[in-house]
file final-v3.txt (compact mmCIF, C-alpha atoms)
# COMPACT_ATOMS: atom_id res chain seq x y z
CA MET A 909 -10.20 0.91 40.58
CA SER A 910 -11.64 -2.54 39.89
CA GLU A 911 -10.25 -5.64 41.59
CA PRO A 912 -8.25 -8.15 39.52
CA GLY A 913 -10.43 -10.82 37.94
CA LEU A 914 -13.58 -8.71 37.98
CA ILE A 915 -15.19 -7.62 34.71
CA THR A 916 -16.03 -3.92 34.72
CA TRP A 917 -18.99 -3.02 32.52
CA ARG A 918 -18.78 0.29 30.78
CA PRO A 919 -21.58 1.70 28.65
CA ARG A 920 -20.68 1.93 24.97
CA LEU A 921 -21.96 4.97 23.14
CA THR A 922 -21.99 4.05 19.48
CA VAL A 923 -21.72 6.63 16.73
CA ARG A 924 -25.31 5.90 15.75
CA LEU A 925 -26.52 6.58 19.30
CA ARG A 926 -24.47 9.75 19.58
CA LEU A 927 -25.82 11.02 16.27
CA THR A 928 -29.37 10.18 17.37
CA LEU A 929 -28.93 12.10 20.62
CA SER A 930 -27.39 14.97 18.66
CA TYR A 931 -30.35 15.13 16.25
CA ALA A 932 -32.87 14.96 19.12
CA GLY A 933 -30.96 17.52 21.16
CA LEU A 934 -30.81 19.90 18.21
CA LEU A 935 -34.57 19.67 17.69
CA VAL A 936 -35.23 20.18 21.42
CA VAL A 937 -32.95 23.22 21.54
CA ALA A 938 -34.54 24.69 18.41
CA GLY A 939 -38.03 24.11 19.86
CA ALA A 940 -37.02 25.65 23.20
CA VAL A 941 -35.63 28.72 21.42
CA MET A 942 -38.85 29.17 19.46
CA ALA A 943 -40.91 28.74 22.68
CA CYS A 944 -38.82 31.37 24.45
CA ILE A 945 -39.26 33.79 21.56
CA LEU A 946 -43.01 33.21 21.59
CA TRP A 947 -43.11 33.67 25.36
CA LEU A 948 -41.18 36.92 25.10
CA VAL A 949 -43.55 38.16 22.41
CA PHE A 950 -46.56 37.60 24.64
CA ARG A 951 -44.73 39.28 27.52
CA ILE A 952 -45.08 42.63 25.74
CA VAL A 953 -48.86 42.25 25.42
CA PRO A 954 -50.55 44.96 27.60
CA ASN A 955 -51.54 43.61 30.98
CA TYR A 956 -55.20 44.62 31.14
CA PRO A 957 -58.47 42.69 30.72
CA PHE A 958 -59.34 41.92 27.11
CA ILE A 959 -62.84 42.67 25.79
CA ALA A 960 -64.44 40.44 23.23
CA ALA A 961 -64.81 41.98 19.79
CA ASN A 962 -68.43 40.87 19.66
CA PRO A 963 -70.39 42.33 22.66
CA ARG A 964 -72.86 39.43 22.38
CA ASP A 965 -70.03 36.95 23.04
CA GLU A 966 -70.26 36.33 26.74
CA ARG A 967 -67.08 34.23 26.94
CA PRO A 968 -64.42 36.13 28.87
CA ALA A 969 -61.33 37.03 26.86
CA PRO A 970 -58.11 35.42 28.15
CA THR A 971 -55.72 37.60 30.06
CA ARG A 972 -52.01 37.87 29.37
CA GLY A 973 -51.20 35.58 32.27
CA GLU A 974 -53.53 32.90 30.91
CA ILE A 975 -52.00 33.21 27.46
CA LEU A 976 -48.50 32.85 28.92
CA ASP A 977 -49.50 29.81 30.97
CA LEU A 978 -51.02 28.18 27.91
CA THR A 979 -47.94 29.02 25.86
CA VAL A 980 -45.65 27.40 28.41
CA LYS A 981 -47.83 24.29 28.62
CA LEU A 982 -48.13 23.84 24.84
CA SER A 983 -44.42 24.56 24.39
CA ALA A 984 -43.57 21.80 26.86
CA TYR A 985 -45.78 19.36 24.92
CA ALA A 986 -44.20 20.50 21.62
CA ILE A 987 -40.65 20.11 22.96
CA GLY A 988 -41.46 16.62 24.21
CA LEU A 989 -42.91 15.70 20.81
CA LEU A 990 -39.82 17.10 19.09
CA ALA A 991 -37.61 15.00 21.39
CA ILE A 992 -39.52 11.83 20.43
CA ILE A 993 -39.40 12.72 16.72
CA GLY A 994 -35.69 13.49 17.02
CA LEU A 995 -34.93 10.19 18.77
CA VAL A 996 -36.97 7.98 16.42
CA GLY A 997 -36.18 9.84 13.21
CA GLY A 998 -32.55 10.41 14.19
CA TRP A 999 -32.09 6.70 14.91
CA PHE A 1000 -33.28 5.67 11.45
CA LEU A 1001 -31.52 8.59 9.73
CA ALA A 1002 -28.22 7.84 11.48
CA GLY A 1003 -28.53 4.17 10.58
CA ARG A 1004 -29.08 5.03 6.93
CA MET A 1005 -26.17 7.46 6.87
CA LEU A 1006 -23.81 5.04 8.65
CA LYS A 1007 -24.68 1.97 6.56
CA PRO A 1008 -21.69 2.50 4.21
CA LEU A 1009 -19.43 2.73 7.27
CA GLN A 1010 -20.78 -0.60 8.50
CA GLU A 1011 -19.89 -2.18 5.15
CA ILE A 1012 -16.38 -0.74 5.38
CA THR A 1013 -16.06 -2.05 8.95
CA ALA A 1014 -17.20 -5.52 7.88
CA ALA A 1015 -14.62 -5.51 5.07
CA ALA A 1016 -11.90 -4.41 7.50
CA GLN A 1017 -12.85 -7.22 9.91
CA ARG A 1018 -12.64 -9.75 7.06
CA ALA A 1019 -9.26 -8.35 6.05
CA ALA A 1020 -8.06 -8.64 9.66
CA THR A 1021 -8.69 -12.40 9.48
CA GLY A 1022 -6.51 -12.67 6.35
CA ALA A 1023 -9.28 -12.66 3.71
CA LEU A 1024 -8.17 -10.03 1.21
CA ASP A 1025 -10.40 -11.02 -1.72
CA HIS A 1026 -13.43 -8.95 -0.61
CA ARG A 1027 -14.00 -5.48 -2.08
CA ILE A 1028 -16.55 -2.91 -0.90
CA GLY A 1029 -17.25 -1.13 -4.18
CA LEU A 1030 -19.64 1.54 -2.88
CA THR A 1031 -21.76 3.19 -5.56
CA GLY A 1032 -24.06 6.18 -5.59
CA ILE A 1033 -23.40 9.79 -4.71
CA ARG A 1034 -19.73 10.64 -4.33
CA ASP A 1035 -19.03 11.60 -0.72
CA GLU A 1036 -16.53 10.94 2.06
CA PHE A 1037 -17.73 7.34 2.47
CA THR A 1038 -17.23 6.47 -1.21
CA ASP A 1039 -13.80 8.08 -1.09
CA LEU A 1040 -12.94 6.00 1.99
CA SER A 1041 -14.32 2.89 0.30
CA ASP A 1042 -12.22 3.42 -2.84
CA THR A 1043 -9.12 4.08 -0.73
CA PHE A 1044 -9.73 0.93 1.32
CA ASP A 1045 -10.28 -1.17 -1.82
CA ALA A 1046 -7.04 0.18 -3.32
CA MET A 1047 -5.24 -0.68 -0.08
CA LEU A 1048 -6.64 -4.23 -0.21
CA ASP A 1049 -5.45 -4.55 -3.82
CA ARG A 1050 -1.92 -3.56 -2.82
CA LEU A 1051 -1.98 -5.81 0.25
CA GLN A 1052 -3.19 -8.80 -1.74
CA ALA A 1053 -0.51 -8.23 -4.37
CA SER A 1054 2.14 -7.92 -1.65
CA PHE A 1055 0.99 -11.08 0.14
CA ASP A 1056 0.84 -13.03 -3.12
CA GLN A 1057 4.35 -11.87 -3.94
CA TYR A 1058 5.52 -12.77 -0.44
CA ARG A 1059 4.05 -16.27 -0.71
CA ARG A 1060 5.75 -16.80 -4.05
CA PHE A 1061 8.99 -15.42 -2.60
CA ALA A 1062 8.84 -17.72 0.44
CA ALA A 1063 8.09 -20.77 -1.69
CA ASN A 1064 10.79 -19.99 -4.24
CA ALA A 1065 13.36 -19.04 -1.58
CA SER A 1066 12.90 -22.32 0.27
CA HIS A 1067 13.24 -24.23 -3.01
CA GLU A 1068 16.28 -22.26 -4.18
CA LEU A 1069 18.07 -22.59 -0.84
CA ARG A 1070 17.28 -26.30 -0.62
CA THR A 1071 18.45 -27.14 -4.16
CA PRO A 1072 22.22 -26.50 -3.75
CA HIS A 1073 22.34 -28.50 -0.52
CA ALA A 1074 20.42 -31.37 -2.10
CA VAL A 1075 22.75 -31.41 -5.10
CA MET A 1076 25.87 -31.42 -2.91
CA LYS A 1077 24.43 -34.18 -0.73
CA THR A 1078 23.73 -36.28 -3.82
CA MET A 1079 27.25 -35.83 -5.17
CA LEU A 1080 28.78 -36.69 -1.81
CA ASP A 1081 26.54 -39.76 -1.41
CA VAL A 1082 27.60 -41.01 -4.84
CA ALA A 1083 31.26 -40.38 -4.02
CA GLN A 1084 30.97 -42.23 -0.71
CA ALA A 1085 29.22 -45.18 -2.38
CA ASP A 1086 31.97 -45.61 -4.97
CA PRO A 1087 35.07 -43.67 -3.88
CA ASP A 1088 37.48 -45.57 -6.17
CA HIS A 1089 35.82 -44.48 -9.40
CA GLN A 1090 35.48 -40.75 -8.73
CA ASP A 1091 37.09 -37.92 -10.64
CA VAL A 1092 38.11 -35.93 -7.56
CA PRO A 1093 39.07 -32.68 -9.35
CA GLU A 1094 35.79 -32.66 -11.25
CA LEU A 1095 33.85 -33.46 -8.07
CA VAL A 1096 35.56 -30.63 -6.17
CA LYS A 1097 34.85 -28.24 -9.04
CA ARG A 1098 31.14 -29.14 -9.12
CA LEU A 1099 30.90 -28.89 -5.33
CA ALA A 1100 32.55 -25.45 -5.42
CA GLU A 1101 30.17 -24.24 -8.13
CA THR A 1102 27.13 -25.51 -6.26
CA ASN A 1103 28.36 -24.01 -2.99
CA GLN A 1104 29.00 -20.66 -4.69
CA ARG A 1105 25.45 -20.71 -6.02
CA GLY A 1106 24.13 -21.07 -2.48
CA ILE A 1107 26.41 -18.25 -1.29
CA ASP A 1108 25.17 -15.96 -4.08
CA ILE A 1109 21.55 -16.62 -3.14
CA VAL A 1110 22.15 -15.93 0.55
CA GLU A 1111 24.11 -12.74 -0.19
CA ALA A 1112 21.36 -11.47 -2.49
CA LEU A 1113 18.73 -12.21 0.15
CA LEU A 1114 20.79 -10.37 2.77
CA SER A 1115 21.19 -7.40 0.42
CA LEU A 1116 17.42 -7.23 -0.10
CA ALA A 1117 16.80 -7.43 3.64
CA ALA A 1118 19.40 -4.73 4.34
CA LEU A 1119 17.79 -2.35 1.86
CA ASN A 1120 14.39 -2.92 3.45
CA ASN A 1121 15.61 -2.21 7.00
CA ARG A 1122 18.03 0.72 6.87
CA GLU A 1123 18.29 4.26 5.66
CA VAL A 1124 20.77 5.00 2.88
CA GLU A 1125 22.75 8.22 2.73
CA LEU A 1126 22.75 9.76 -0.76
CA ASP A 1127 25.59 11.93 -2.05
CA PRO A 1128 26.52 13.29 -5.50
CA VAL A 1129 27.97 10.37 -7.50
CA ASP A 1130 29.27 10.37 -11.07
CA LEU A 1131 27.45 7.36 -12.50
CA ALA A 1132 29.81 7.26 -15.48
CA THR A 1133 32.73 6.61 -13.12
CA THR A 1134 30.74 3.89 -11.38
CA VAL A 1135 30.02 2.18 -14.70
CA ARG A 1136 33.69 2.35 -15.74
CA THR A 1137 34.72 0.83 -12.40
CA ALA A 1138 32.40 -2.14 -12.99
CA LEU A 1139 33.37 -2.64 -16.65
CA PRO A 1140 36.52 -4.80 -16.27
CA VAL A 1141 34.70 -7.69 -14.59
CA LEU A 1142 31.67 -7.30 -16.86
CA THR A 1143 33.78 -7.17 -20.02
CA ALA A 1144 35.62 -10.34 -19.02
CA GLU A 1145 32.33 -12.15 -18.37
CA ALA A 1146 30.91 -10.96 -21.69
CA ALA A 1147 34.04 -12.08 -23.58
CA ALA A 1148 33.89 -15.52 -21.94
CA ALA A 1149 30.26 -15.88 -23.10
CA GLY A 1150 30.99 -14.60 -26.61
CA ILE A 1151 28.90 -11.46 -26.06
CA THR A 1152 29.87 -8.07 -27.44
CA LEU A 1153 29.67 -5.35 -24.79
CA ARG A 1154 29.41 -1.77 -26.11
CA THR A 1155 29.26 1.41 -24.01
CA ALA A 1156 28.40 5.06 -24.68
CA LEU A 1157 28.92 7.02 -21.48
CA THR A 1158 28.25 10.69 -20.73
CA GLU A 1159 29.00 12.35 -17.42
CA SER A 1160 25.97 11.91 -15.15
CA VAL A 1161 26.12 13.14 -11.55
CA VAL A 1162 23.18 11.76 -9.56
CA GLU A 1163 22.10 11.67 -5.92
CA GLY A 1164 23.06 8.19 -4.85
CA ASN A 1165 25.16 5.70 -2.94
CA ASP A 1166 28.25 4.59 -4.88
CA VAL A 1167 28.22 1.03 -3.51
CA LEU A 1168 24.55 0.47 -4.30
CA LEU A 1169 24.86 2.07 -7.74
CA HIS A 1170 27.81 -0.21 -8.50
CA GLN A 1171 25.61 -3.17 -7.55
CA LEU A 1172 22.81 -1.80 -9.74
CA VAL A 1173 25.07 -1.49 -12.81
CA THR A 1174 26.63 -4.90 -12.21
CA ASN A 1175 23.29 -6.66 -11.84
CA LEU A 1176 21.73 -5.01 -14.89
CA VAL A 1177 24.68 -5.74 -17.20
CA GLN A 1178 25.20 -9.27 -15.85
CA ASN A 1179 21.50 -9.94 -16.39
CA ALA A 1180 21.84 -8.68 -19.97
CA ILE A 1181 24.89 -10.92 -20.57
CA ARG A 1182 23.51 -14.10 -19.01
CA HIS A 1183 20.04 -13.78 -20.55
CA ASN A 1184 21.27 -13.42 -24.10
CA THR A 1185 21.29 -15.43 -27.29
CA GLY A 1186 24.74 -16.82 -26.51
CA PRO A 1187 27.87 -16.35 -28.64
CA GLY A 1188 27.28 -13.59 -31.17
CA GLY A 1189 24.87 -11.62 -28.97
CA SER A 1190 25.40 -8.07 -27.79
CA VAL A 1191 24.82 -5.76 -24.84
CA ASP A 1192 24.65 -1.96 -25.18
CA VAL A 1193 25.11 0.34 -22.18
CA GLU A 1194 24.14 3.99 -22.71
CA LEU A 1195 24.44 6.70 -20.08
CA THR A 1196 23.08 10.22 -20.32
CA PRO A 1197 22.48 12.67 -17.44
CA GLY A 1198 20.16 10.90 -14.98
CA ARG A 1199 19.37 8.05 -17.41
CA LEU A 1200 20.98 4.60 -17.72
CA VAL A 1201 19.91 2.28 -20.56
CA VAL A 1202 20.97 -1.38 -20.82
CA ARG A 1203 19.82 -3.17 -23.97
CA ASN A 1204 20.60 -6.74 -24.98
CA THR A 1205 19.78 -9.30 -27.64
CA GLY A 1206 17.99 -12.46 -26.71
CA PRO A 1207 14.78 -14.44 -27.09
CA VAL A 1208 11.52 -12.66 -27.87
CA LEU A 1209 9.67 -11.86 -24.64
CA ASP A 1210 6.06 -10.88 -24.02
CA LEU A 1211 5.08 -7.99 -21.78
CA ASP A 1212 3.32 -10.13 -19.14
CA GLN A 1213 6.44 -12.24 -18.79
CA VAL A 1214 8.64 -9.16 -18.41
CA ARG A 1215 6.45 -7.79 -15.59
CA THR A 1216 7.39 -10.76 -13.41
CA PHE A 1217 11.14 -10.23 -13.78
CA VAL A 1218 11.31 -7.73 -10.90
CA GLU A 1219 9.87 -10.29 -8.48
CA PRO A 1220 12.34 -12.26 -6.36
CA PHE A 1221 13.34 -15.63 -7.90
CA ALA A 1222 11.67 -14.81 -11.22
CA LYS A 1223 13.39 -16.64 -14.10
CA ASP A 1224 13.20 -16.40 -17.82
CA ARG A 1225 12.03 -19.28 -19.96
CA TYR A 1226 15.49 -20.89 -19.76
CA GLY A 1227 15.59 -20.79 -15.95
CA ALA A 1228 18.99 -19.08 -15.84
CA GLY A 1229 20.16 -17.37 -12.66
CA HIS A 1230 18.63 -17.42 -9.19
CA GLY A 1231 16.18 -14.61 -10.00
CA LEU A 1232 17.28 -12.02 -7.44
CA GLY A 1233 19.23 -9.65 -9.68
CA LEU A 1234 16.38 -7.48 -10.96
CA ALA A 1235 14.58 -7.67 -7.61
CA LEU A 1236 17.66 -6.12 -6.00
CA VAL A 1237 17.89 -3.55 -8.80
CA THR A 1238 14.28 -2.57 -8.17
CA ARG A 1239 14.91 -1.99 -4.46
CA ILE A 1240 18.05 0.04 -5.19
CA VAL A 1241 16.14 2.23 -7.65
CA GLU A 1242 13.32 2.74 -5.13
CA THR A 1243 15.88 3.65 -2.45
CA HIS A 1244 17.25 6.33 -4.79
CA GLN A 1245 13.71 7.58 -5.56
CA GLY A 1246 14.15 6.69 -9.21
CA THR A 1247 12.23 4.62 -11.75
CA LEU A 1248 12.93 1.35 -13.54
CA ALA A 1249 11.26 0.44 -16.84
CA LEU A 1250 11.63 -2.95 -18.55
CA THR A 1251 10.55 -3.17 -22.19
CA PRO A 1252 10.82 -6.22 -24.46
CA ASN A 1253 12.53 -5.51 -27.76
CA PRO A 1254 10.52 -6.34 -30.92
CA THR A 1255 13.42 -8.40 -32.33
CA GLY A 1256 14.20 -10.09 -29.02
CA GLY A 1257 15.91 -9.24 -25.78
CA LEU A 1258 15.15 -6.61 -23.21
CA THR A 1259 15.70 -2.89 -22.66
CA ALA A 1260 16.11 -1.70 -19.06
CA ILE A 1261 15.87 2.05 -18.42
CA VAL A 1262 16.84 3.48 -15.04
CA VAL A 1263 16.07 7.15 -14.30
CA LEU A 1264 17.68 8.67 -11.20
CA PRO A 1265 17.45 12.17 -9.70
CA VAL A 1266 20.23 14.41 -11.01
CA ALA A 1267 22.37 15.95 -8.25
CA ASP A 1268 22.06 19.69 -7.65
CA LEU A 1269 25.66 20.88 -7.71
CA VAL A 1270 24.85 24.62 -7.66
CA GLY A 1271 24.38 24.80 -3.91
CA GLY A 1272 27.54 22.78 -3.29
call {"tool": "encode", "arguments": {"input": "final-v3.txt", "output": "C-alpha cells"}}
result
Amino acid sequence: MSEPGLITWRPRLTVRLRLTLSYAGLLVVAGAVMACILWLVFRIVPNYPFIAANPRDERPAPTRGEILDLTVKLSAYAIGLLAIIGLVGGWFLAGRMLKPLQEITAAAQRAATGALDHRIGLTGIRDEFTDLSDTFDAMLDRLQASFDQYRRFAANASHELRTPHAVMKTMLDVAQADPDHQDVPELVKRLAETNQRGIDIVEALLSLAALNNREVELDPVDLATTVRTALPVLTAEAAAAGITLRTALTESVVEGNDVLLHQLVTNLVQNAIRHNTGPGGSVDVELTPGRLVVRNTGPVLDLDQVRTFVEPFAKDRYGAGHGLGLALVTRIVETHQGTLALTPNPTGGLTAIVVLPVADLVGG
C-alpha cells in the first residue's frame, strides 16, 4: 500500500499494445506448433547411418540426430523472426484497425468539454466502428437539441418569472409616487391578475418538474368521464371569450392517471380557446377509443412554427399565454406512453391529436 502523497506509477497496457502482443503471440504459437510437428516427423526417421545416393559423393550423409539438431536451431530462428514480424506488423495493423476508435474517443473528449457541434461521420466499410460512430453522432444530435432547448427554457423562464414582479413593482412605485390620484379597485385588480400570472407560471414549472422526477401509477380511466368533468370550467371560459365549444365523446377507457389526464384535457382545450380568432371562433373536441382530437379555428400557422409549440415558454405570434401548457401536455403524454401530434389546419388554427394506450379490461 503506497504512502499518502506518493505517486504510484502503474504500467498502462493500451488496447493497441495488447492487440500487438496478441498478434505476435499467435504467430509464435503457430510457429512453435509447426516446429513441433516437423520435429516429430523427423523423430520417426530410422536411426541408422545414411548413405549418399551417389557413391562418388564423399560427403557424409547427416544422421537423424544432426537433422533434429538443425531442425531445432532453425525453428528457434524462425520463431524469433515470427515474433519480430508479429510485433512490428501487429503494431501497425492494430493502429490501423483502432484509428476509428481514436476518432470516436477524440469526439467524446470534445463532447465532455461541452462542445457538441462535432460529428464523427465515419465512412467506408460498415462494421462495428461505423455503427458505434453513427450511434454516437445520433446521441450528440439529441444532446445538442436538449441543451439548446434547456438554454432557451432557462432564458425564457427567468424572463417570464421576472416580468410579473417587475410589473407589480412599477404599479406600486406609481401608486406610492401619487397616492391621491389612484383608482384603488383597479390597481388591486391589476395586481391580482399579475400575481395570478406569476402563480400560474410557478405551478406549471412545478408540474413539469414533478413529472420529470417521479413515477406515475397508471390505472384504467374512462377518458370520456374525465373530459365531462373538465367541461363546466372550459365551457364557461369559452362562452366568456365568445368561442363555441362542441364535443363528440365516445367511451374510451385508457391506461392513465385521472389527475394528469384531467390536466391534459384542460390544457389542450384552454390552449384551443385562448389561441383562437376571438368571438365567433370554435373549438371541437372529439373522443374515440384511445384517441382525443382537439381542433380550433385561428390564424394560419406554418409547420415550423407549430413544432416549437411543445417547447416550454413557446408562444404563438400574438404572445398569448406563458407557453407552458403544451409543454406540460407533452410530458403527460410521454408519461402515459402515448403520442401527441400537432397539425396546422389549412384554413387556420390547429389540430391536436393525442393517442393513448387502451386499457385491457379482459384480465380485470
call {"tool": "atom_distance", "arguments": {"input": "final-v3.txt", "atom1": "atom CA of A:Val937", "atom2": "atom CA of A:Ile952"}}
result
23.3 Å
call {"tool": "closest_residue", "arguments": {"input": "final-v3.txt", "among": "A:Thr979, A:His1170, A:Pro1008, A:Gly933", "to": "A:Val1129", "atoms": "all atoms listed in the file"}}
result
A:His1170
call {"tool": "closest_atom_pairs", "arguments": {"input": "final-v3.txt", "of": "stretch 1169-1207 of chain A", "to": "stretch 1215-1218 of chain A", "cutoff": "12 Å", "atoms": "all atoms listed in the file", "output": "Markdown table"}}
result
| residue | atom | partner | partner_atom | distance |
| --- | --- | --- | --- | --- |
| A:Leu1176 | CA | A:Val1218 | CA | 11.5 |
| A:Asn1179 | CA | A:Phe1217 | CA | 10.7 |
| A:His1183 | CA | A:Phe1217 | CA | 11.7 |
call {"tool": "atom_distance", "arguments": {"input": "final-v3.txt", "atom1": "atom CA of A:Pro1265", "atom2": "atom CA of A:Pro1140"}}
result
26.4 Å
call {"tool": "residues_around", "arguments": {"input": "final-v3.txt", "residues": "A:Ala1149", "least_positions_apart": "6", "cutoff": "9 Å", "atoms": "all atoms listed in the file", "output": "NGL selection string"}}
result
:A and (1181-1182 or 1186-1188)
call {"tool": "residues_around", "arguments": {"input": "final-v3.txt", "residues": "A:Arg924", "least_positions_apart": "5", "cutoff": "8 Å", "atoms": "only C-alpha atoms", "output": "PDB file with C-alpha atoms, in the frame of the given file"}}
result
ATOM      1  CA  TRP A 999     -32.090   6.700  14.910  1.00  0.00           C
ATOM      2  CA  ALA A1002     -28.220   7.840  11.480  1.00  0.00           C
ATOM      3  CA  GLY A1003     -28.530   4.170  10.580  1.00  0.00           C
ATOM      4  CA  LEU A1006     -23.810   5.040   8.650  1.00  0.00           C
TER       5      LEU A1006
END
call {"tool": "residues_around", "arguments": {"input": "final-v3.txt", "residues": "A:Thr1158", "least_positions_apart": "5", "cutoff": "8 Å", "atoms": "all atoms listed in the file", "output": "ChimeraX atom specification"}}
result
/A:1132,1195-1197
call {"tool": "atom_distance", "arguments": {"input": "final-v3.txt", "atom1": "atom CA of A:Gly1206", "atom2": "atom CA of A:Arg1136"}}
result
24.2 Å
call {"tool": "residues_around", "arguments": {"input": "final-v3.txt", "residues": "stretch 1009-1022 of chain A", "least_positions_apart": "3", "cutoff": "7 Å", "atoms": "all atoms listed in the file", "output": "list in words"}}
result
Leu1006, His1026, Ile1028, Phe1037 and Ser1041 of chain A
call {"tool": "write_last_selection", "arguments": {"input": "final-v3.txt", "atoms": "C-alpha atoms", "output": "short mmCIF file (atom, residue, chain, number, x, y, z; two decimals), keeping the file's coordinate frame"}}
result
data_model
loop_
_atom_site.label_atom_id
_atom_site.label_comp_id
_atom_site.auth_asym_id
_atom_site.auth_seq_id
_atom_site.Cartn_x
_atom_site.Cartn_y
_atom_site.Cartn_z
CA LEU A 1006 -23.81 5.04 8.65
CA HIS A 1026 -13.43 -8.95 -0.61
CA ILE A 1028 -16.55 -2.91 -0.90
CA PHE A 1037 -17.73 7.34 2.47
CA SER A 1041 -14.32 2.89 0.30
#
call {"tool": "residues_around", "arguments": {"input": "final-v3.txt", "residues": "A:Leu1099", "least_positions_apart": "6", "cutoff": "9 Å", "atoms": "only C-alpha atoms", "output": "number ranges by chain"}}
result
A: 1075-1076, 1079-1080
call {"tool": "closest_residue", "arguments": {"input": "final-v3.txt", "among": "A:Asp1042, A:Ala991, A:Ser1160, A:Gly997", "to": "A:Glu1194", "atoms": "all atoms listed in the file"}}
result
A:Ser1160
call {"tool": "closest_residue", "arguments": {"input": "final-v3.txt", "among": "A:Gly1029, A:Arg1034, A:Gln1084, A:Leu1236", "to": "A:Leu1169", "atoms": "all atoms listed in the file"}}
result
A:Leu1236
